[in-house]
Amino acid sequence: MSAQHPRTPFFEELDFQQTPLGDLALRRRRVAALDDAEVYEVTLGGGFLMSSLFHAVEVALADLPLAGREGPLDVVVGGLGLGYTAQAALRYPAVRSLVVVEALEPVIGWHQRGLVPLGAELSGEARCRFVPADFFAGAADPARGFDPQAPGSRWHAVLLDIDHSPRNLLAEGNAAFYRSEGLQALAAQLHPGGIFAMWSDDPAEETFLAALREAFGRARAETVRFPNPLLECESSSTVYLAERER
């Protein structure tokens, strides 16, 4: 008889770190109701942040702005998380380089140590580089920008998945980014025709769309729907898309 591999425990905390934004935890569980599916979850400050069970919107955050674009493309991802947006972006051969800006260094460590499913893939991808930094500080300062190796660089796409929505923030200091002046500083870091895409857990907000249009010229919101097997219903999130005028 062949040896059987040990099963994943029903619940396991893989890492726990104290951060300026609160206690950060990575945990893995088996969900009996889903045929013992292995699910990775991240909590921050005692609140649920993300799960590997739901990542359709993270993938759409890359697909909606990048599909059909010709390269070479230089792309920024704000917020590494479990890596699904970065992975989706790298599926496009037109993407020449991908800089992932993540303020929580333990999250980068999870990927480099292989604690999360996409860690080895992203860490071993030559086009992908992790930058431990505050995305919002880089967005506010075009002279510095997002890449410490190339200050002042311009980008073809910036994909953001950090705050829950323009109003539901992980840190109050992020609020300035979502106003017209903050978005204009980001727009200045895009090539003409470059695109900014952002995830939100809330329905589209007309006030934020107006700020995007003022800063970029063109903007819209797409609703992304996905099945929720735990609640046996359909859930949805929003992806905002804004293109800098050519």
# chains A, B, ... in the order shown; residues from 1 in each chain; ligands from 1

call {"tool": "residues_around", "arguments": {"residues": "region 158-172 of chain A", "least_positions_apart": "2", "cutoff": "6 Å", "atoms": "only C-alpha atoms", "output": "ChimeraX atom specification"}}
result
/A:75-79,174-175,196-201

call {"tool": "write_last_selection", "arguments": {"atoms": "N, CA and C atoms", "output": "compact mmCIF listing (two decimals), in the first residue's frame"}}
result
# COMPACT_ATOMS: atom_id res chain seq x y z
N VAL A 75 3.88 47.66 -14.80
CA VAL A 75 2.67 47.65 -13.97
C VAL A 75 3.04 47.73 -12.49
N VAL A 76 2.23 48.45 -11.74
CA VAL A 76 2.32 48.48 -10.28
C VAL A 76 1.09 47.81 -9.69
N VAL A 77 1.29 46.97 -8.70
CA VAL A 77 0.19 46.44 -7.90
C VAL A 77 0.34 46.99 -6.49
N GLY A 78 -0.68 47.66 -6.00
CA GLY A 78 -0.67 48.16 -4.63
C GLY A 78 -1.40 47.20 -3.73
N GLY A 79 -0.66 46.51 -2.88
CA GLY A 79 -1.24 45.51 -1.98
C GLY A 79 -1.00 44.11 -2.51
N ASN A 174 -4.95 57.38 4.76
CA ASN A 174 -5.11 57.08 3.33
C ASN A 174 -6.17 57.96 2.67
N ALA A 175 -6.97 58.67 3.45
CA ALA A 175 -8.15 59.36 2.92
C ALA A 175 -7.80 60.37 1.84
N PHE A 196 -5.66 53.23 -14.34
CA PHE A 196 -5.70 52.96 -12.90
C PHE A 196 -6.93 52.11 -12.63
N ALA A 197 -6.74 51.00 -11.90
CA ALA A 197 -7.85 50.12 -11.53
C ALA A 197 -7.81 49.90 -10.02
N MET A 198 -8.99 49.86 -9.40
CA MET A 198 -9.06 49.75 -7.95
C MET A 198 -10.23 48.88 -7.52
N TRP A 199 -9.97 48.00 -6.59
CA TRP A 199 -11.02 47.16 -6.00
C TRP A 199 -11.73 47.90 -4.89
N SER A 200 -13.03 47.66 -4.77
CA SER A 200 -13.82 48.16 -3.65
C SER A 200 -14.84 47.11 -3.27
N ASP A 201 -15.04 46.93 -1.98
CA ASP A 201 -16.02 45.97 -1.50
C ASP A 201 -17.43 46.56 -1.47

call {"tool": "closest_atom_pairs", "arguments": {"of": "region 85-193 of chain A", "to": "region 17-30 of chain A", "cutoff": "9 Å", "atoms": "only C-alpha atoms", "output": "Markdown table"}}
result
| residue | atom | partner | partner_atom | distance |
| --- | --- | --- | --- | --- |
| A:Leu104 | CA | A:Thr19 | CA | 7.3 |
| A:Pro106 | CA | A:Gln17 | CA | 7.2 |
| A:Val107 | CA | A:Leu26 | CA | 8.8 |
| A:Trp110 | CA | A:Leu26 | CA | 8.6 |
| A:Leu115 | CA | A:Leu26 | CA | 8.8 |
| A:Val116 | CA | A:Leu26 | CA | 8.8 |
| A:Leu170 | CA | A:Leu21 | CA | 7.3 |
| A:Ala171 | CA | A:Leu21 | CA | 7.2 |

call {"tool": "write_last_selection", "arguments": {"atoms": "N, CA and C atoms", "output": "short mmCIF file (atom, residue, chain, number, x, y, z; two decimals), in the first residue's frame"}}
result
data_model
loop_
_atom_site.label_atom_id
_atom_site.label_comp_id
_atom_site.auth_asym_id
_atom_site.auth_seq_id
_atom_site.Cartn_x
_atom_site.Cartn_y
_atom_site.Cartn_z
N LEU A 104 3.01 45.97 4.57
CA LEU A 104 3.18 45.01 5.66
C LEU A 104 4.23 43.98 5.25
N PRO A 106 5.56 41.45 6.76
CA PRO A 106 5.29 40.02 6.95
C PRO A 106 4.56 39.38 5.77
N VAL A 107 3.72 40.14 5.07
CA VAL A 107 3.01 39.59 3.91
C VAL A 107 4.00 39.22 2.82
N TRP A 110 5.61 35.99 3.84
CA TRP A 110 4.80 34.78 3.59
C TRP A 110 5.07 34.23 2.20
N LEU A 115 4.73 30.26 2.46
CA LEU A 115 3.64 29.96 3.38
C LEU A 115 2.27 30.07 2.73
N VAL A 116 2.20 30.73 1.58
CA VAL A 116 0.93 30.88 0.87
C VAL A 116 1.04 30.22 -0.50
N LEU A 170 -8.30 51.21 5.82
CA LEU A 170 -7.49 50.52 6.83
C LEU A 170 -6.77 51.51 7.74
N ALA A 171 -6.50 52.72 7.22
CA ALA A 171 -5.83 53.77 7.99
C ALA A 171 -6.38 55.12 7.54
#

call {"tool": "atom_distance", "arguments": {"atom1": "CA of His55 (chain A)", "atom2": "CA of Pro148 (chain A)"}}
result
29.1 Å

call {"tool": "residues_around", "arguments": {"residues": "Ala62 (chain A)", "least_positions_apart": "2", "cutoff": "10 Å", "atoms": "only C-alpha atoms", "output": "list in words"}}
result
Val57, Glu58, Val59, Ala60, Leu64, Pro65, Leu66, Ala67, Val75, Val77, Tyr84, Thr85, Ala86, Gln87, Ala88, Ala89, Leu90, Arg91, Tyr92, Ala157, Val158, Leu159, Leu160, Ala197, Met198 and Val239 of chain A

call {"tool": "select_by_dssp", "arguments": {"residues": "region 19-192 of chain A", "states": "strand (DSSP E)", "output": "ChimeraX atom specification"}}
result
/A:19,22-31,37-44,47-51,73-78,95-102,128-132,155-160,190-192

call {"tool": "write_last_selection", "arguments": {"atoms": "C-alpha atoms", "output": "PDB file, in the first residue's frame"}}
result
ATOM      1  CA  THR A  19       1.985  45.720  12.827  1.00  0.00           C
ATOM      2  CA  GLY A  22      -2.983  46.016  14.122  1.00  0.00           C
ATOM      3  CA  ASP A  23      -2.383  42.321  14.683  1.00  0.00           C
ATOM      4  CA  LEU A  24      -1.842  40.471  11.407  1.00  0.00           C
ATOM      5  CA  ALA A  25      -2.553  36.758  11.136  1.00  0.00           C
ATOM      6  CA  LEU A  26      -2.322  34.147   8.394  1.00  0.00           C
ATOM      7  CA  ARG A  27      -4.333  31.018   8.974  1.00  0.00           C
ATOM      8  CA  ARG A  28      -5.244  27.881   7.053  1.00  0.00           C
ATOM      9  CA  ARG A  29      -8.355  25.788   7.507  1.00  0.00           C
ATOM     10  CA  ARG A  30     -10.180  22.886   5.930  1.00  0.00           C
ATOM     11  CA  VAL A  31     -13.815  23.549   5.084  1.00  0.00           C
ATOM     12  CA  ALA A  37     -11.162  22.462   0.591  1.00  0.00           C
ATOM     13  CA  GLU A  38      -7.988  24.068   1.939  1.00  0.00           C
ATOM     14  CA  VAL A  39      -8.586  27.774   2.521  1.00  0.00           C
ATOM     15  CA  TYR A  40      -6.070  30.475   3.454  1.00  0.00           C
ATOM     16  CA  GLU A  41      -7.337  33.506   5.374  1.00  0.00           C
ATOM     17  CA  VAL A  42      -5.801  36.808   6.465  1.00  0.00           C
ATOM     18  CA  THR A  43      -7.030  38.923   9.371  1.00  0.00           C
ATOM     19  CA  LEU A  44      -5.860  42.396  10.374  1.00  0.00           C
ATOM     20  CA  GLY A  47     -11.133  41.859  11.291  1.00  0.00           C
ATOM     21  CA  PHE A  48     -11.359  39.599   8.255  1.00  0.00           C
ATOM     22  CA  LEU A  49      -9.228  40.893   5.366  1.00  0.00           C
ATOM     23  CA  MET A  50      -9.108  38.273   2.608  1.00  0.00           C
ATOM     24  CA  SER A  51      -9.555  34.602   1.758  1.00  0.00           C
ATOM     25  CA  LEU A  73       3.774  47.134 -20.090  1.00  0.00           C
ATOM     26  CA  ASP A  74       5.192  48.245 -16.753  1.00  0.00           C
ATOM     27  CA  VAL A  75       2.671  47.653 -13.973  1.00  0.00           C
ATOM     28  CA  VAL A  76       2.324  48.482 -10.276  1.00  0.00           C
ATOM     29  CA  VAL A  77       0.187  46.443  -7.896  1.00  0.00           C
ATOM     30  CA  GLY A  78      -0.669  48.162  -4.629  1.00  0.00           C
ATOM     31  CA  VAL A  95       3.662  42.732 -18.978  1.00  0.00           C
ATOM     32  CA  ARG A  96       7.377  43.492 -18.961  1.00  0.00           C
ATOM     33  CA  SER A  97       7.733  44.338 -15.270  1.00  0.00           C
ATOM     34  CA  LEU A  98       5.562  44.163 -12.178  1.00  0.00           C
ATOM     35  CA  VAL A  99       6.331  46.068  -8.985  1.00  0.00           C
ATOM     36  CA  VAL A 100       4.214  44.975  -6.011  1.00  0.00           C
ATOM     37  CA  VAL A 101       4.111  47.608  -3.261  1.00  0.00           C
ATOM     38  CA  GLU A 102       3.216  46.174   0.162  1.00  0.00           C
ATOM     39  CA  CYS A 128       8.019  40.492 -10.459  1.00  0.00           C
ATOM     40  CA  ARG A 129       9.585  42.430  -7.608  1.00  0.00           C
ATOM     41  CA  PHE A 130       8.254  43.088  -4.093  1.00  0.00           C
ATOM     42  CA  VAL A 131       8.765  46.576  -2.655  1.00  0.00           C
ATOM     43  CA  PRO A 132       8.185  46.990   1.105  1.00  0.00           C
ATOM     44  CA  TRP A 155       3.619  53.245 -15.535  1.00  0.00           C
ATOM     45  CA  HIS A 156       1.166  51.770 -17.998  1.00  0.00           C
ATOM     46  CA  ALA A 157      -1.142  50.456 -15.266  1.00  0.00           C
ATOM     47  CA  VAL A 158      -1.558  50.791 -11.501  1.00  0.00           C
ATOM     48  CA  LEU A 159      -3.777  48.195  -9.807  1.00  0.00           C
ATOM     49  CA  LEU A 160      -4.853  48.916  -6.220  1.00  0.00           C
ATOM     50  CA  LEU A 190       0.936  57.114 -15.631  1.00  0.00           C
ATOM     51  CA  HIS A 191       1.869  57.246 -19.286  1.00  0.00           C
ATOM     52  CA  PRO A 192      -0.747  58.956 -21.481  1.00  0.00           C
TER      53      PRO A 192
END

call {"tool": "closest_residue", "arguments": {"among": "A:Gly152, A:Pro142, A:Leu82, A:Glu245", "to": "Ala185 (chain A)", "atoms": "only C-alpha atoms"}}
result
A:Pro142

call {"tool": "closest_residue", "arguments": {"among": "A:Ala120, A:Ala242, A:Ala188, A:Leu34", "to": "Pro229 (chain A)", "atoms": "only C-alpha atoms"}}
result
A:Leu34

call {"tool": "select_by_dssp", "arguments": {"residues": "region 25-192 of chain A", "states": "alpha helix (DSSP H)", "output": "NGL selection string"}}
result
:A and (56-66 or 84-90 or 105-112 or 119-123 or 135-140 or 180-187)
